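> My file is protein.cif. It has mmCIF, C-alpha atoms and all ligand atoms:
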```cif
data_work
#
loop_
_atom_site.group_PDB
_atom_site.id
_atom_site.type_symbol
_atom_site.label_atom_id
_atom_site.label_comp_id
_atom_site.auth_asym_id
_atom_site.auth_seq_id
_atom_site.Cartn_x
_atom_site.Cartn_y
_atom_site.Cartn_z
ATOM 1 C CA MET A 5 -34.049 31.605 -17.238
ATOM 2 C CA THR A 6 -30.485 30.975 -16.089
ATOM 3 C CA GLU A 7 -30.074 31.409 -12.344
ATOM 4 C CA ALA A 8 -26.757 29.745 -11.688
ATOM 5 C CA ILE A 9 -23.385 31.474 -11.631
ATOM 6 C CA ILE A 10 -21.540 30.525 -14.806
ATOM 7 C CA ILE A 11 -18.072 29.370 -13.779
ATOM 8 C CA ASP A 12 -15.671 31.101 -16.159
ATOM 9 C CA GLY A 13 -12.851 28.642 -16.774
ATOM 10 C CA LYS A 14 -11.499 30.737 -19.622
ATOM 11 C CA THR A 15 -10.755 33.757 -17.416
ATOM 12 C CA PHE A 16 -9.574 31.578 -14.522
ATOM 13 C CA SER A 17 -7.186 29.731 -16.828
ATOM 14 C CA SER A 18 -5.897 32.956 -18.356
ATOM 15 C CA ASN A 19 -5.182 34.380 -14.876
ATOM 16 C CA LEU A 20 -3.451 31.137 -13.869
ATOM 17 C CA ARG A 21 -1.266 31.206 -16.997
ATOM 18 C CA ASN A 22 -0.320 34.829 -16.251
ATOM 19 C CA LYS A 23 0.730 33.793 -12.750
ATOM 20 C CA ILE A 24 2.705 30.853 -14.161
ATOM 21 C CA ALA A 25 4.478 33.233 -16.579
ATOM 22 C CA GLU A 26 5.514 35.352 -13.547
ATOM 23 C CA ASP A 27 6.713 32.214 -11.724
ATOM 24 C CA VAL A 28 8.733 31.177 -14.788
ATOM 25 C CA LYS A 29 10.416 34.595 -14.789
ATOM 26 C CA SER A 30 11.352 34.420 -11.124
ATOM 27 C CA LEU A 31 12.548 30.801 -11.388
ATOM 28 C CA LYS A 32 14.866 31.880 -14.197
ATOM 29 C CA LYS A 33 16.071 35.002 -12.369
ATOM 30 C CA GLU A 34 16.574 33.421 -8.957
ATOM 31 C CA GLN A 35 17.716 29.899 -9.838
ATOM 32 C CA GLY A 36 18.665 30.051 -13.515
ATOM 33 C CA ILE A 37 16.054 27.389 -14.343
ATOM 34 C CA VAL A 38 13.791 27.468 -17.389
ATOM 35 C CA PRO A 39 11.057 24.836 -16.941
ATOM 36 C CA GLY A 40 11.059 22.527 -19.964
ATOM 37 C CA LEU A 41 8.149 20.465 -21.278
ATOM 38 C CA ALA A 42 8.554 17.714 -23.877
ATOM 39 C CA VAL A 43 5.454 16.608 -25.760
ATOM 40 C CA VAL A 44 5.491 13.329 -27.681
ATOM 41 C CA LEU A 45 2.915 12.802 -30.409
ATOM 42 C CA VAL A 46 2.732 9.441 -32.155
ATOM 43 C CA GLY A 47 0.988 9.388 -35.531
ATOM 44 C CA GLU A 48 -1.485 11.707 -37.182
ATOM 45 C CA ASN A 49 -4.653 11.610 -35.024
ATOM 46 C CA PRO A 50 -6.257 14.974 -35.990
ATOM 47 C CA ALA A 51 -7.672 15.734 -32.516
ATOM 48 C CA SER A 52 -4.333 14.890 -30.877
ATOM 49 C CA GLN A 53 -2.523 17.141 -33.357
ATOM 50 C CA ILE A 54 -4.751 20.063 -32.360
ATOM 51 C CA TYR A 55 -4.331 19.410 -28.616
ATOM 52 C CA VAL A 56 -0.568 19.057 -28.939
ATOM 53 C CA ARG A 57 -0.240 22.250 -30.976
ATOM 54 C CA LYS A 58 -2.185 24.137 -28.287
ATOM 55 C CA LYS A 59 0.014 22.683 -25.558
ATOM 56 C CA GLU A 60 3.168 23.712 -27.415
ATOM 57 C CA GLU A 61 1.878 27.242 -28.055
ATOM 58 C CA MET A 62 0.864 27.815 -24.462
ATOM 59 C CA THR A 63 4.111 26.362 -23.111
ATOM 60 C CA LYS A 64 6.058 28.905 -25.169
ATOM 61 C CA ALA A 65 3.628 31.703 -24.250
ATOM 62 C CA VAL A 66 4.453 31.385 -20.529
ATOM 63 C CA GLY A 67 8.191 31.460 -21.289
ATOM 64 C CA MET A 68 8.892 27.759 -20.782
ATOM 65 C CA HIS A 69 11.192 25.661 -22.945
ATOM 66 C CA SER A 70 9.030 23.600 -25.318
ATOM 67 C CA VAL A 71 10.268 20.478 -27.095
ATOM 68 C CA SER A 72 8.149 18.460 -29.517
ATOM 69 C CA HIS A 73 8.712 14.963 -30.811
ATOM 70 C CA HIS A 74 6.251 14.097 -33.548
ATOM 71 C CA VAL A 75 6.990 10.516 -34.544
ATOM 72 C CA LYS A 76 5.452 8.193 -37.125
ATOM 73 C CA ALA A 77 2.459 6.003 -36.231
ATOM 74 C CA ASP A 78 4.490 2.847 -36.990
ATOM 75 C CA ILE A 79 7.280 3.663 -34.500
ATOM 76 C CA SER A 80 8.225 0.530 -32.572
ATOM 77 C CA GLN A 81 7.449 0.347 -28.879
ATOM 78 C CA GLN A 82 11.168 0.003 -28.161
ATOM 79 C CA ALA A 83 11.999 3.140 -30.138
ATOM 80 C CA LEU A 84 9.338 5.047 -28.166
ATOM 81 C CA LEU A 85 10.752 3.697 -24.899
ATOM 82 C CA ASP A 86 14.216 4.811 -26.001
ATOM 83 C CA LEU A 87 12.900 8.316 -26.707
ATOM 84 C CA ILE A 88 11.313 8.473 -23.247
ATOM 85 C CA ASP A 89 14.563 7.274 -21.698
ATOM 86 C CA THR A 90 16.442 10.097 -23.462
ATOM 87 C CA LEU A 91 13.900 12.644 -22.181
ATOM 88 C CA ASN A 92 14.061 11.170 -18.661
ATOM 89 C CA ARG A 93 17.815 11.814 -18.651
ATOM 90 C CA ASP A 94 17.692 15.263 -20.247
ATOM 91 C CA PRO A 95 18.336 17.885 -17.531
ATOM 92 C CA VAL A 96 16.584 20.695 -19.434
ATOM 93 C CA ILE A 97 13.345 18.674 -19.574
ATOM 94 C CA HIS A 98 11.237 18.776 -16.380
ATOM 95 C CA GLY A 99 7.955 17.489 -17.793
ATOM 96 C CA ILE A 100 7.171 14.717 -20.294
ATOM 97 C CA LEU A 101 3.766 14.224 -21.873
ATOM 98 C CA VAL A 102 2.954 11.398 -24.285
ATOM 99 C CA GLN A 103 -0.277 12.328 -26.018
ATOM 100 C CA LEU A 104 -2.958 9.617 -25.843
ATOM 101 C CA PRO A 105 -4.381 7.589 -27.463
ATOM 102 C CA LEU A 106 -1.400 5.662 -28.793
ATOM 103 C CA PRO A 107 -1.536 3.332 -31.825
ATOM 104 C CA LYS A 108 -2.795 -0.184 -31.066
ATOM 105 C CA HIS A 109 0.588 -1.921 -31.413
ATOM 106 C CA ILE A 110 1.914 0.095 -28.464
ATOM 107 C CA ASP A 111 1.089 -0.906 -24.904
ATOM 108 C CA THR A 112 0.015 2.347 -23.232
ATOM 109 C CA PRO A 113 0.612 1.237 -19.593
ATOM 110 C CA THR A 114 4.197 0.201 -20.503
ATOM 111 C CA ILE A 115 4.857 3.610 -22.044
ATOM 112 C CA LEU A 116 3.335 5.538 -19.130
ATOM 113 C CA ALA A 117 5.317 3.428 -16.656
ATOM 114 C CA ALA A 118 8.557 4.332 -18.461
ATOM 115 C CA ILE A 119 8.192 8.060 -17.771
ATOM 116 C CA ASP A 120 10.196 9.253 -14.759
ATOM 117 C CA PRO A 121 7.456 9.854 -12.121
ATOM 118 C CA ALA A 122 9.192 13.146 -11.213
ATOM 119 C CA LYS A 123 8.624 14.327 -14.829
ATOM 120 C CA ASP A 124 5.153 12.810 -15.200
ATOM 121 C CA VAL A 125 3.248 16.074 -15.649
ATOM 122 C CA ASP A 126 0.137 14.177 -16.791
ATOM 123 C CA GLY A 127 0.028 12.425 -13.411
ATOM 124 C CA PHE A 128 -0.689 9.106 -15.154
ATOM 125 C CA HIS A 129 2.270 7.122 -13.743
ATOM 126 C CA ILE A 130 1.262 4.433 -11.277
ATOM 127 C CA ILE A 131 3.512 6.051 -8.625
ATOM 128 C CA ASN A 132 1.685 9.378 -8.897
ATOM 129 C CA ALA A 133 -1.716 7.632 -8.993
ATOM 130 C CA GLY A 134 -0.687 5.694 -5.866
ATOM 131 C CA LEU A 135 0.542 8.793 -4.031
ATOM 132 C CA LEU A 136 -2.746 10.543 -4.810
ATOM 133 C CA ALA A 137 -4.691 7.497 -3.602
ATOM 134 C CA ILE A 138 -2.929 7.544 -0.218
ATOM 135 C CA GLY A 139 -3.335 11.309 0.104
ATOM 136 C CA LYS A 140 0.348 12.242 -0.409
ATOM 137 C CA PRO A 141 1.693 15.052 -2.622
ATOM 138 C CA ALA A 142 1.849 13.958 -6.247
ATOM 139 C CA LEU A 143 1.708 15.234 -9.795
ATOM 140 C CA VAL A 144 -2.060 15.201 -10.328
ATOM 141 C CA PRO A 145 -3.855 14.630 -13.670
ATOM 142 C CA CYS A 146 -4.545 18.011 -15.241
ATOM 143 C CA THR A 147 -8.303 17.917 -15.871
ATOM 144 C CA PRO A 148 -9.276 16.880 -12.313
ATOM 145 C CA ALA A 149 -6.740 19.365 -10.930
ATOM 146 C CA GLY A 150 -8.471 22.090 -12.963
ATOM 147 C CA CYS A 151 -11.911 20.989 -11.749
ATOM 148 C CA MET A 152 -10.707 21.239 -8.143
ATOM 149 C CA MET A 153 -9.404 24.763 -8.677
ATOM 150 C CA LEU A 154 -12.782 25.840 -10.073
ATOM 151 C CA LEU A 155 -14.653 24.104 -7.243
ATOM 152 C CA LYS A 156 -12.494 25.680 -4.528
ATOM 153 C CA ASP A 157 -12.809 29.084 -6.155
ATOM 154 C CA THR A 158 -16.604 28.711 -6.263
ATOM 155 C CA LEU A 159 -17.272 27.074 -2.909
ATOM 156 C CA GLY A 160 -14.231 27.839 -0.756
ATOM 157 C CA ASN A 161 -14.053 24.983 1.701
ATOM 158 C CA LEU A 162 -15.414 21.685 0.341
ATOM 159 C CA GLN A 163 -15.346 19.901 3.687
ATOM 160 C CA GLY A 164 -18.420 17.767 4.362
ATOM 161 C CA LYS A 165 -19.917 18.262 0.901
ATOM 162 C CA SER A 166 -21.535 15.336 -0.800
ATOM 163 C CA ALA A 167 -19.840 14.841 -4.194
ATOM 164 C CA LEU A 168 -20.899 12.620 -7.063
ATOM 165 C CA VAL A 169 -18.368 11.805 -9.778
ATOM 166 C CA ILE A 170 -19.982 10.286 -12.859
ATOM 167 C CA GLY A 171 -17.345 8.295 -14.737
ATOM 168 C CA ARG A 172 -14.428 6.203 -13.490
ATOM 169 C CA SER A 173 -11.692 6.764 -16.081
ATOM 170 C CA THR A 174 -8.091 6.830 -14.928
ATOM 171 C CA ILE A 175 -7.649 10.271 -16.540
ATOM 172 C CA VAL A 176 -10.620 12.019 -14.896
ATOM 173 C CA GLY A 177 -13.110 10.077 -12.750
ATOM 174 C CA ARG A 178 -10.806 8.185 -10.414
ATOM 175 C CA PRO A 179 -8.302 10.979 -9.690
ATOM 176 C CA MET A 180 -11.209 13.430 -9.356
ATOM 177 C CA ALA A 181 -12.741 11.234 -6.658
ATOM 178 C CA GLN A 182 -9.392 11.053 -4.834
ATOM 179 C CA LEU A 183 -9.015 14.833 -4.892
ATOM 180 C CA LEU A 184 -12.532 15.367 -3.564
ATOM 181 C CA LEU A 185 -11.860 12.821 -0.837
ATOM 182 C CA ALA A 186 -8.625 14.627 0.058
ATOM 183 C CA ALA A 187 -10.737 17.792 0.387
ATOM 184 C CA ASP A 188 -12.943 15.987 2.941
ATOM 185 C CA CYS A 189 -15.958 15.454 0.691
ATOM 186 C CA THR A 190 -18.150 12.388 0.958
ATOM 187 C CA VAL A 191 -17.571 10.904 -2.473
ATOM 188 C CA THR A 192 -19.648 8.599 -4.642
ATOM 189 C CA ILE A 193 -18.338 7.307 -7.976
ATOM 190 C CA ALA A 194 -21.012 6.353 -10.497
ATOM 191 C CA HIS A 195 -20.423 4.330 -13.665
ATOM 192 C CA ARG A 196 -22.298 2.399 -16.347
ATOM 193 C CA TYR A 197 -23.545 -0.198 -13.847
ATOM 194 C CA THR A 198 -24.833 2.291 -11.258
ATOM 195 C CA SER A 199 -28.551 1.608 -10.918
ATOM 196 C CA ASN A 200 -29.850 4.618 -8.961
ATOM 197 C CA LEU A 201 -27.946 7.419 -10.642
ATOM 198 C CA GLU A 202 -30.754 9.993 -10.622
ATOM 199 C CA ALA A 203 -31.335 9.529 -6.901
ATOM 200 C CA LEU A 204 -27.600 9.797 -6.187
ATOM 201 C CA CYS A 205 -27.434 12.955 -8.259
ATOM 202 C CA ARG A 206 -30.365 14.545 -6.402
ATOM 203 C CA GLN A 207 -28.438 14.166 -3.131
ATOM 204 C CA ALA A 208 -25.166 15.628 -4.384
ATOM 205 C CA ASP A 209 -23.895 19.104 -3.445
ATOM 206 C CA ILE A 210 -21.247 18.710 -6.155
ATOM 207 C CA VAL A 211 -21.641 16.810 -9.435
ATOM 208 C CA VAL A 212 -18.679 16.152 -11.713
ATOM 209 C CA ALA A 213 -19.856 14.690 -15.014
ATOM 210 C CA ALA A 214 -17.220 12.885 -17.091
ATOM 211 C CA VAL A 215 -19.059 10.291 -19.148
ATOM 212 C CA GLY A 216 -18.677 11.490 -22.742
ATOM 213 C CA ILE A 217 -22.418 11.382 -23.527
ATOM 214 C CA PRO A 218 -24.036 14.652 -24.673
ATOM 215 C CA HIS A 219 -26.624 16.051 -22.227
ATOM 216 C CA PHE A 220 -26.538 12.862 -20.166
ATOM 217 C CA VAL A 221 -27.242 14.605 -16.835
ATOM 218 C CA LYS A 222 -30.741 16.141 -16.822
ATOM 219 C CA GLY A 223 -31.798 19.307 -15.059
ATOM 220 C CA THR A 224 -34.384 17.363 -13.041
ATOM 221 C CA TRP A 225 -31.579 15.265 -11.496
ATOM 222 C CA ILE A 226 -29.892 18.286 -9.909
ATOM 223 C CA LYS A 227 -30.241 19.162 -6.239
ATOM 224 C CA PRO A 228 -31.240 22.842 -5.875
ATOM 225 C CA GLY A 229 -28.097 24.876 -5.195
ATOM 226 C CA ALA A 230 -25.652 22.178 -6.300
ATOM 227 C CA VAL A 231 -22.403 23.045 -8.086
ATOM 228 C CA ILE A 232 -22.030 21.323 -11.445
ATOM 229 C CA ILE A 233 -18.689 20.642 -13.140
ATOM 230 C CA ASP A 234 -19.093 19.408 -16.697
ATOM 231 C CA VAL A 235 -16.006 17.691 -18.108
ATOM 232 C CA GLY A 236 -17.716 16.485 -21.297
ATOM 233 C CA ILE A 237 -16.651 17.693 -24.730
ATOM 234 C CA ASN A 238 -19.114 16.190 -27.242
ATOM 235 C CA ARG A 239 -19.584 17.230 -30.845
ATOM 236 C CA ILE A 240 -23.227 17.091 -32.002
ATOM 237 C CA PRO A 241 -25.082 18.361 -35.097
ATOM 238 C CA ALA A 242 -25.970 22.062 -34.875
ATOM 239 C CA GLN A 243 -29.467 22.782 -33.497
ATOM 240 C CA ASP A 244 -30.434 25.416 -36.033
ATOM 241 C CA PRO A 245 -32.040 23.540 -39.016
ATOM 242 C CA GLU A 246 -30.144 25.571 -41.624
ATOM 243 C CA ALA A 247 -26.794 25.081 -39.906
ATOM 244 C CA LYS A 248 -27.602 21.390 -39.388
ATOM 245 C CA ALA A 249 -28.436 20.970 -43.066
ATOM 246 C CA ALA A 250 -25.092 22.579 -43.896
ATOM 247 C CA GLY A 251 -23.415 19.868 -41.793
ATOM 248 C CA LYS A 252 -22.432 22.292 -39.009
ATOM 249 C CA THR A 253 -21.735 20.923 -35.528
ATOM 250 C CA LYS A 254 -21.430 22.295 -32.025
ATOM 251 C CA ILE A 255 -19.689 21.273 -28.828
ATOM 252 C CA VAL A 256 -21.802 20.401 -25.802
ATOM 253 C CA GLY A 257 -21.106 18.907 -22.399
ATOM 254 C CA ASP A 258 -22.366 15.859 -20.516
ATOM 255 C CA VAL A 259 -24.925 18.018 -18.681
ATOM 256 C CA ASP A 260 -28.119 19.563 -20.054
ATOM 257 C CA PHE A 261 -26.759 23.047 -19.357
ATOM 258 C CA GLU A 262 -29.936 25.079 -19.966
ATOM 259 C CA GLU A 263 -32.043 22.988 -17.594
ATOM 260 C CA ALA A 264 -29.348 22.385 -14.978
ATOM 261 C CA ALA A 265 -28.513 26.111 -14.803
ATOM 262 C CA LYS A 266 -32.085 26.778 -13.597
ATOM 263 C CA VAL A 267 -31.529 24.583 -10.533
ATOM 264 C CA ALA A 268 -27.809 24.686 -9.728
ATOM 265 C CA SER A 269 -26.060 27.512 -7.849
ATOM 266 C CA ALA A 270 -23.056 27.375 -10.186
ATOM 267 C CA ILE A 271 -22.190 25.480 -13.348
ATOM 268 C CA THR A 272 -19.344 25.252 -15.847
ATOM 269 C CA PRO A 273 -20.277 25.959 -19.466
ATOM 270 C CA VAL A 274 -19.062 23.876 -22.410
ATOM 271 C CA PRO A 275 -17.019 25.242 -24.037
ATOM 272 C CA GLY A 276 -15.303 27.716 -21.706
ATOM 273 C CA GLY A 277 -15.498 25.846 -18.398
ATOM 274 C CA VAL A 278 -13.225 22.928 -17.556
ATOM 275 C CA GLY A 279 -11.596 22.686 -21.017
ATOM 276 C CA PRO A 280 -9.321 25.745 -20.762
ATOM 277 C CA MET A 281 -8.146 24.640 -17.304
ATOM 278 C CA THR A 282 -6.451 21.461 -18.519
ATOM 279 C CA ILE A 283 -3.488 23.061 -20.297
ATOM 280 C CA ALA A 284 -3.059 25.678 -17.550
ATOM 281 C CA CYS A 285 -2.793 22.806 -15.045
ATOM 282 C CA LEU A 286 -0.294 21.036 -17.300
ATOM 283 C CA LEU A 287 1.897 24.153 -17.148
ATOM 284 C CA ASN A 288 1.327 24.346 -13.396
ATOM 285 C CA ASN A 289 2.495 20.725 -13.053
ATOM 286 C CA THR A 290 5.550 21.479 -15.197
ATOM 287 C CA ILE A 291 6.620 24.329 -12.929
ATOM 288 C CA GLN A 292 5.969 22.135 -9.875
ATOM 289 C CA ALA A 293 8.134 19.372 -11.417
ATOM 290 C CA ALA A 294 10.893 21.863 -12.310
ATOM 291 C CA ARG A 295 10.993 23.173 -8.726
ATOM 292 C CA ALA A 296 11.022 19.666 -7.215
ATOM 293 C CA LEU A 297 13.705 18.426 -9.614
ATOM 294 C CA SER A 298 15.922 21.444 -8.949
ATOM 295 C CA ASP A 299 15.491 20.967 -5.169
ATOM 296 C CA SER A 300 16.414 17.277 -5.498
ATOM 297 C CA THR A 301 19.598 18.007 -7.502
ATOM 298 C CA ALA A 302 20.710 21.041 -5.458
ATOM 299 C CA PRO A 303 23.894 20.450 -3.408
ATOM 300 C CA SER A 304 23.038 20.003 0.287
HETATM 301 N N1 LIG S 401 -5.448 12.687 -24.516
HETATM 302 C C1 LIG S 401 -6.602 13.271 -24.105
HETATM 303 N N2 LIG S 401 -6.425 13.932 -22.941
HETATM 304 C C2 LIG S 401 -5.127 13.759 -22.610
HETATM 305 C C3 LIG S 401 -4.341 14.217 -21.537
HETATM 306 O O1 LIG S 401 -4.792 14.905 -20.608
HETATM 307 N N3 LIG S 401 -3.027 13.838 -21.556
HETATM 308 C C4 LIG S 401 -2.513 13.062 -22.547
HETATM 309 N N4 LIG S 401 -1.223 12.729 -22.464
HETATM 310 N N5 LIG S 401 -3.216 12.632 -23.561
HETATM 311 C C5 LIG S 401 -4.514 12.982 -23.602
#
```
Please go through the file and, once you have read it, give me the structure as structure tokens.


Amino acid sequence: MTEAIIIDGKTFSSNLRNKIAEDVKSLKKEQGIVPGLAVVLVGENPASQIYVRKKEEMTKAVGMHSVSHHVKADISQQALLDLIDTLNRDPVIHGILVQLPLPKHIDTPTILAAIDPAKDVDGFHIINAGLLAIGKPALVPCTPAGCMMLLKDTLGNLQGKSALVIGRSTIVGRPMAQLLLAADCTVTIAHRYTSNLEALCRQADIVVAAVGIPHFVKGTWIKPGAVIIDVGINRIPAQDPEAKAAGKTKIVGDVDFEEAAKVASAITPVPGGVGPMTIACLLNNTIQAARALSDSTAPS
């Protein structure tokens, strides 16, 4: 029996995108600015193509200016840097996103470092990561930003909560930990070498799982009443024998949802939890960047 509140990221994200669409309208009416997002896709990675298409569709749906650069997988690093330089200088572009992963011959940190930090709507630039780490306003990576919105909506004030982040990636785990710290949580970051993970989990009021292993976090690890945020998106064979035999798959998270939902007070489902928040937060970052850039270029 499911006891926990199911955190509805789909509805939350839809409401957020509606609000962003209103903000886009007023920004245009009051300041003549249309926030512009440029998405750069290198090569033909099928998952990246799907993500990028969704980003482009949703950017247009909220009334923003959407620009796409789909370039060949064998583009030289210099040519990619030149493209980023052009986008950095383009006044109608307020946000730049280079879809990851990049082909092996391209050095990802060099590319990310070339993006103007003021247009870095992914929040991956070292300047934005540094600002977040010292607790200053920054463009924040979209998935952790979305997790924080869901957590604040569920719990209100997070002050004094014990939070466990499982995973230390630069895209999710590390910025997530910084955001929880900024919200006055007591934060633990667990990773592949953490020896007492179950015990740490049993003490946590908040668990954010971002490990990329299906059903990694067991229901028995959860502290009664904890809030569980599942960032995992894992494709596994379908459970139903007929569907499995037909080669069907399903998407599951990093948490054993059925078991954890019996113990937790609230939990995000997969799909429909954190996933839909990521693009909404990308659009939120783009509007934030557009406002900041227009303030910085306004005559004083
Ligand atoms: N690839 C997977 N997730 C992301 C993301 O959030 N941003 C970018 N740029 N690439 C990704």

> Taking all atoms listed in the file into account, report as number ranges by chain which residues have an atom no farther than 10 Å from an atom of ligand LIG 401 (chain S).

A: 43-45, 51-52, 55-56, 100-106, 116, 124-128, 145-148, 175-176, 282-283, 285-286

> Report the distance between CA of Leu20 (chain A) and CA of Ile233 (chain A) in Å, rounded to one decimal place.

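Separation of CA of Leu20 (chain A) and CA of Ile233 (chain A): 18.5 Å.
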
> Once the PyMOL selection byres (((chain A and resi 42) around 12) and not hetatm) is applied to the coordinates I shared, what remains selected? I want it as a PyMOL selection string.

chain A and resi 39-41+43-45+56+59-60+63-64+68-74+87-88+90-92+94-103+119+123-126+286-287+290

> As a ChimeraX atom specification, please: the residues near Gly216 (chain A) (cut-off 10 Å, all atoms listed in the file, same-chain neighbours under 2 positions excluded).

/A:171,213-214,218-220,234-239,256-259

> Every residue with an atom at most 10 Å from (-2.8, 6.2, -35.7) (file coordinates; all atoms listed in the file) is what I'm after, so could you write them as a PyMOL selection string?

chain A and resi 46-50+76-78+105-109

> Would you work out the distance separating CA of Asn200 (chain A) from CA of Gly177 (chain A), expressed in Å to one decimal?

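Computed distance, CA of Asn200 (chain A) to CA of Gly177 (chain A), equals 18.0 Å.
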
> Using all atoms listed in the file, which protein or nucleic acid residues come within 6 Å of Ile210 (chain A)? Drop anything in the same chain fewer than 6 positions from it, and give the result as a PyMOL selection string.

chain A and resi 167+230-232
